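Reviewing the structure listed below.
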Amino acid sequence: MPGVLANIPEMPNQLERTNFAAGLHDEFLSFLKTLQNADGGWGFHAGEPSRVEPTCWALRALLSHTEAQDTESFRKGAGYLQSAQLPDGSWPACAEMRAGSWITSLACSVLAADGQSGKNAAAGLKWLCDDFPRDSSPWMRFVQSLRPKSHIHSQNDSYRGWGWTPKTASWVEPTAFALLALRDAPAEQLPRNAAERRDLAVALLYDRMCPGGGWNCGNPRVYGVDGDALVLPTCWALLALRDAPEKPGRALSLAWLQEEFAKIESAASLAVARMTLENYGFERPHASRDLQDWSAQELTAQGTHVLAWVCLALDPARRWAPAAATINKDAAGKTS
Amino acid sequence: MSQRNRELVPSFSRPPSRVMIRKVARYEEDLLALIYESLSEFSLPVKDKTILLKPNLVGLDPQGVMNTHPAVIAATRETFLKLGAARVLIGDGPALDRDTQAILESVRLKEFTGMLGKDFCDLNIDDVERVELQTRATRLKELFLPKTVLGVDFLVSMPKLKTHHWAGVTLSLKNMFGIVPGSCYGWPKNVLHWAGIDRSILDINAAARPDFAIVDGIMGMEGNGPIQGTPKAAGVLLFGDDPVSVDATACRVMGLLPEKLDYLGRAGTMLGHVEASKIQQLGEQIDSVRAPFAVLPEFARLVA
């Protein structure tokens with residue numbers, strides 16, 4: 001036994017662990033910068049054409065460095081986002097698309113932090129707040145009311161969030177991203193109906209929570225069977241509800257995430273779950289994997305967004321987590 | 001996907017399709033030998049070609065009941081390489097969970113295939129190309145589809161034998177929902193649900209039709225599929241050079257009437273054969289493997 005024990009490396013202390021994480025963060029962030037395309041954007045994989053979504057996540061990761069907004073890398077990235085914006089204020093999922101999408105929320109979140117992109121962010125937020133999902137329109141609800149009581153879903157259609165694509169249906173993740181965009185924006189960028197949209201969306205998130213806590217894409221119960229929660233939708237929903245009124249479901253969902261954390265085996269879920277738990281002030285439980293198990297190249301192979309999420313999770317300064325909500329009902333009502 | 005497969009050909013102008021049914025009781029059997037023997041019967045034009053296997057990887061599935069089993073995927077990949085393929089890619093774009101890596105870990109794909117590296121493609125975040133839809137079964141005029149799918153020489157749909165609570169069944173045609181990139185259309189790919197699932201299946205398969213289909217029916221799923229249903233051991237693998245015929249045959253194995261399934265009935269007019277008389281049956285006969293699947297009350301009309 002002594003021989004076996006002698007081979008066990010000494011556990012690093014807290015300071016060493018923190019320094020190690022900071023070193024890893026710098027290493028991954030440096031690698032992320034090397035993936036930036038000449039047009040300022042990032043593709044989902046090295047060498048692929050720039051897309052708005054990975055560009056938003058990469059810029060979000062860059063913002064974890066002090067004075068990041070003044071760096072050439074950030075300025076080029078913000079320039080790419082500005083050039084990719086559609087005339088109606090939205091952002092498309094890929095260059096050839098001529099319609100906006102859920103990615104508008106991500107772009108608004110990033111550009112809200114950039115003093116030189118305020119108009120772009122404001123136009124994006126206006127598009128977001130004007131986009132109502134069609135499944136919960138008064139007409140659709142009237143049609144639904146004429147049908148026999150549905151045994152398929154049990155959700156409340158009077159709540160309205162956001163869809164992945166405009167004028168379709170509300171889903172958990174795009175609703176969460178839109179709420180985060182509204183939270184990240186300074187009051188002067190918010191359209192008049194921002195507070196109303198936020199209240200409806202918060203109600204929708206709570207309504208779509210799985211009975212056992214957590215969220216999946218937005219089907220908590222189908223044909224009488226409870227849906228299983230998933231890590232990523234649960235994290236985005238929890239982050240979006242961080243400053244919303246406390247309800248029992250949120251604590252239940254946090255408990256679900258804490259229990260699930262130990263079983264996570266993928267870098268993407270691990271990174272986002274870690275951010276979420278820390279955002280709520282929870283010590284993260286022991287997990288079967290750690291973010292240092294993957295190299296920057298391995299993470300990039302899973303997608304630039306995954307590398308960016310890991311950078312955000314390893315950020316020693318925790319700059320990904322704004323301390324408090326910036327949306328304010330009164331302020332929102334006075335703007336625009 | 002081969003160029004010839006982009007053409008819409010009325011059923012009466014098509015040669016008969018070929019579908020093979022093989023009995024396989026367990027995933028532990030020698031699948032490589034069985035699949036190699038089966039595919040060799042079809043004399044597929046795959047030498048020196050790039051193949052894409054599109055399994056159904058719909059969610060976290062440590063029990064192996066909702067996704068195409070990794071043993072089937074790995075044996076199929078090995079078979080195509082033995083048949084002379086230059087490269088065999090595996091790709092899917094899971095519909096409900098964007099953490100594709102988590103799904104791969106849960107099904108332990110790597111343990112069966114070995115390290116895949118760039119031979120696995122997450123179709124949800126692949127580079128995309130605009131495709132104008134010819135069929136216009138839905139109101140959609142175009143879809144942005146993964147360049148990997150559009151660029152390969154030979155596309156193989158590899159679904160699980162399952163019932164589906166919105167579409168009735170999910171087989172090789174419905175499995176192609178997984179090529180539609182979530183990065184453009186979300187998780188789930190709501191634009192398709194909004195446009196109508198049945199009709200979207202037609203548009204997608206007309207735009208990117210599989211050259212071949214292999215259905216994992218060793219362990220299927222009945223009832224409230226594709227995720228929350230009940231495991232159903234059917235003990236079969238199905239192979240065929242026409243995905244419409246493969247799906248029609250799979251329905252018959254499940255004790256369902258394919259012509260009563262809206263999308264399959266329509267697919268039979270332009271994408272392949274549904275009629276049994278136009279399908280050359282190889283291997284086992286349907287009657288010898290029939291295993292009636294339970295369906296939700298909404299789909300009682302499908303039961304033979």
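Going through the structure tokens in order, the chains are called A, B, and so on, while each chain numbers its residues from 1 and the ligands are numbered from 1 in the order shown.
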Exercise for review: Using only C-alpha atoms, determine which residues of chain A fall within 7 Å of chain B; present them as a PyMOL selection string.
Suggested key: chain A and resi 44+48+93+164-165+168+217+265-266+268-269
Non-local contacts of Val149 (chain B) (9 Å; only C-alpha atoms; under 6 positions in same chain excluded) as an mmCIF file with C-alpha atoms, in the first residue's frame:
```cif
data_model
loop_
_atom_site.group_PDB
_atom_site.id
_atom_site.type_symbol
_atom_site.label_atom_id
_atom_site.label_comp_id
_atom_site.auth_asym_id
_atom_site.auth_seq_id
_atom_site.Cartn_x
_atom_site.Cartn_y
_atom_site.Cartn_z
ATOM 1 C CA MET B 1 -25.793 12.132 -52.246
ATOM 2 C CA LEU B 52 -22.156 9.565 -45.096
ATOM 3 C CA GLY B 91 -23.123 12.605 -39.117
ATOM 4 C CA LEU B 123 -24.663 18.472 -38.865
ATOM 5 C CA LEU B 155 -25.910 9.018 -48.362
ATOM 6 C CA ILE B 179 -29.785 16.868 -41.480
ATOM 7 C CA ALA B 208 -31.369 15.402 -50.068
#
```
Check your understanding: Of the residues A:Gly77, A:Val225, A:Leu35, A:Leu24, which is the one nearest to Asp293 (chain A), using only C-alpha atoms?
Key -> A:Leu24
Check your understanding: Where in region 37-181 of chain A does DSSP assign strand (DSSP E or B), given as a ChimeraX atom specification?
Key -> /A:42,51,162,171
Deliver the residues from the most recent selection as a file, using C-alpha atoms, as a PDB file, in the first residue's frame.
```
ATOM      1  CA  TRP A  42     -15.529  33.183 -36.383  1.00  0.00           C
ATOM      2  CA  ARG A  51     -21.215  32.939 -38.772  1.00  0.00           C
ATOM      3  CA  TRP A 162     -39.461  33.817 -28.319  1.00  0.00           C
ATOM      4  CA  TRP A 171     -39.212  27.654 -26.942  1.00  0.00           C
TER       5      TRP A 171
END
```
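Interatomic distance, CA of Pro10 (chain B) against CA of Asp211 (chain B): 16.9 Å.
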Spatial neighbours of Lys141 (chain B), max dist 12 Å, only C-alpha atoms, sep filter under 4 positions, as a PDB file with N, CA and C atoms, in the first residue's frame:
```
ATOM      1  N   ARG B 130     -27.489  26.982 -49.483  1.00  0.00           N
ATOM      2  CA  ARG B 130     -28.911  27.191 -49.780  1.00  0.00           C
ATOM      3  C   ARG B 130     -29.384  26.186 -50.827  1.00  0.00           C
ATOM      4  N   VAL B 131     -30.493  25.549 -50.549  1.00  0.00           N
ATOM      5  CA  VAL B 131     -31.080  24.597 -51.500  1.00  0.00           C
ATOM      6  C   VAL B 131     -32.508  25.047 -51.782  1.00  0.00           C
ATOM      7  N   GLU B 132     -32.790  25.293 -53.062  1.00  0.00           N
ATOM      8  CA  GLU B 132     -34.150  25.651 -53.442  1.00  0.00           C
ATOM      9  C   GLU B 132     -34.986  24.384 -53.461  1.00  0.00           C
ATOM     10  N   LEU B 133     -36.149  24.439 -52.831  1.00  0.00           N
ATOM     11  CA  LEU B 133     -36.972  23.236 -52.737  1.00  0.00           C
ATOM     12  C   LEU B 133     -37.808  23.060 -54.005  1.00  0.00           C
ATOM     13  N   GLN B 134     -37.715  21.886 -54.584  1.00  0.00           N
ATOM     14  CA  GLN B 134     -38.416  21.612 -55.842  1.00  0.00           C
ATOM     15  C   GLN B 134     -39.858  21.185 -55.604  1.00  0.00           C
ATOM     16  N   THR B 135     -40.059  20.473 -54.511  1.00  0.00           N
ATOM     17  CA  THR B 135     -41.371  19.856 -54.317  1.00  0.00           C
ATOM     18  C   THR B 135     -42.419  20.838 -53.806  1.00  0.00           C
ATOM     19  N   ARG B 136     -42.003  21.790 -52.994  1.00  0.00           N
ATOM     20  CA  ARG B 136     -42.928  22.759 -52.410  1.00  0.00           C
ATOM     21  C   ARG B 136     -44.121  22.074 -51.754  1.00  0.00           C
ATOM     22  N   ALA B 137     -43.867  20.978 -51.088  1.00  0.00           N
ATOM     23  CA  ALA B 137     -44.931  20.329 -50.319  1.00  0.00           C
ATOM     24  C   ALA B 137     -45.350  21.237 -49.163  1.00  0.00           C
ATOM     25  N   ALA B 195     -44.154  24.274 -40.468  1.00  0.00           N
ATOM     26  CA  ALA B 195     -44.558  24.090 -41.872  1.00  0.00           C
ATOM     27  C   ALA B 195     -45.354  22.797 -42.058  1.00  0.00           C
ATOM     28  N   SER B 200     -42.977  18.474 -44.580  1.00  0.00           N
ATOM     29  CA  SER B 200     -41.543  18.774 -44.487  1.00  0.00           C
ATOM     30  C   SER B 200     -40.705  17.544 -44.817  1.00  0.00           C
ATOM     31  N   ASP B 203     -40.320  17.473 -48.513  1.00  0.00           N
ATOM     32  CA  ASP B 203     -39.404  18.500 -49.037  1.00  0.00           C
ATOM     33  C   ASP B 203     -37.942  18.148 -48.758  1.00  0.00           C
ATOM     34  N   ILE B 204     -37.679  17.689 -47.549  1.00  0.00           N
ATOM     35  CA  ILE B 204     -36.290  17.391 -47.191  1.00  0.00           C
ATOM     36  C   ILE B 204     -35.769  16.211 -48.009  1.00  0.00           C
ATOM     37  N   ALA B 207     -34.987  17.075 -51.476  1.00  0.00           N
ATOM     38  CA  ALA B 207     -33.783  17.920 -51.587  1.00  0.00           C
ATOM     39  C   ALA B 207     -32.504  17.135 -51.314  1.00  0.00           C
TER      40      ALA B 207
END
```
Point to revise | 12 Å contact set for Leu257 (chain B), only C-alpha atoms, chain neighbours under 5 positions out, as a ChimeraX atom specification | key: /B:168-169,247-252,262,264-265,274-276,292-293,299-304
Could those selected residues go to a file with C-alpha atoms, as a compact mmCIF listing (two decimals), in the first residue's frame?
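Okay, out.txt is ready:
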```
# COMPACT_ATOMS: atom_id res chain seq x y z
CA GLY B 168 -46.91 8.02 -36.79
CA VAL B 169 -43.59 6.31 -37.42
CA ASP B 247 -40.07 2.48 -44.77
CA ALA B 248 -43.12 0.81 -46.33
CA THR B 249 -41.64 -2.60 -45.56
CA ALA B 250 -40.73 -1.54 -42.02
CA CYS B 251 -44.33 -0.43 -41.48
CA ARG B 252 -45.54 -3.83 -42.60
CA ASP B 262 -49.82 10.60 -44.98
CA LEU B 264 -45.36 7.88 -46.98
CA GLY B 265 -48.38 7.73 -49.25
CA VAL B 274 -44.86 1.98 -51.41
CA GLU B 275 -46.78 -0.76 -53.18
CA ALA B 276 -45.63 -4.23 -52.17
CA PRO B 292 -47.03 -5.60 -34.20
CA PHE B 293 -46.11 -2.25 -32.64
CA PHE B 299 -52.72 6.61 -35.18
CA ALA B 300 -55.15 3.72 -34.72
CA ARG B 301 -56.01 4.05 -38.42
CA LEU B 302 -52.53 2.77 -39.29
CA VAL B 303 -53.01 -0.62 -37.66
CA ALA B 304 -53.36 -3.40 -40.23
```
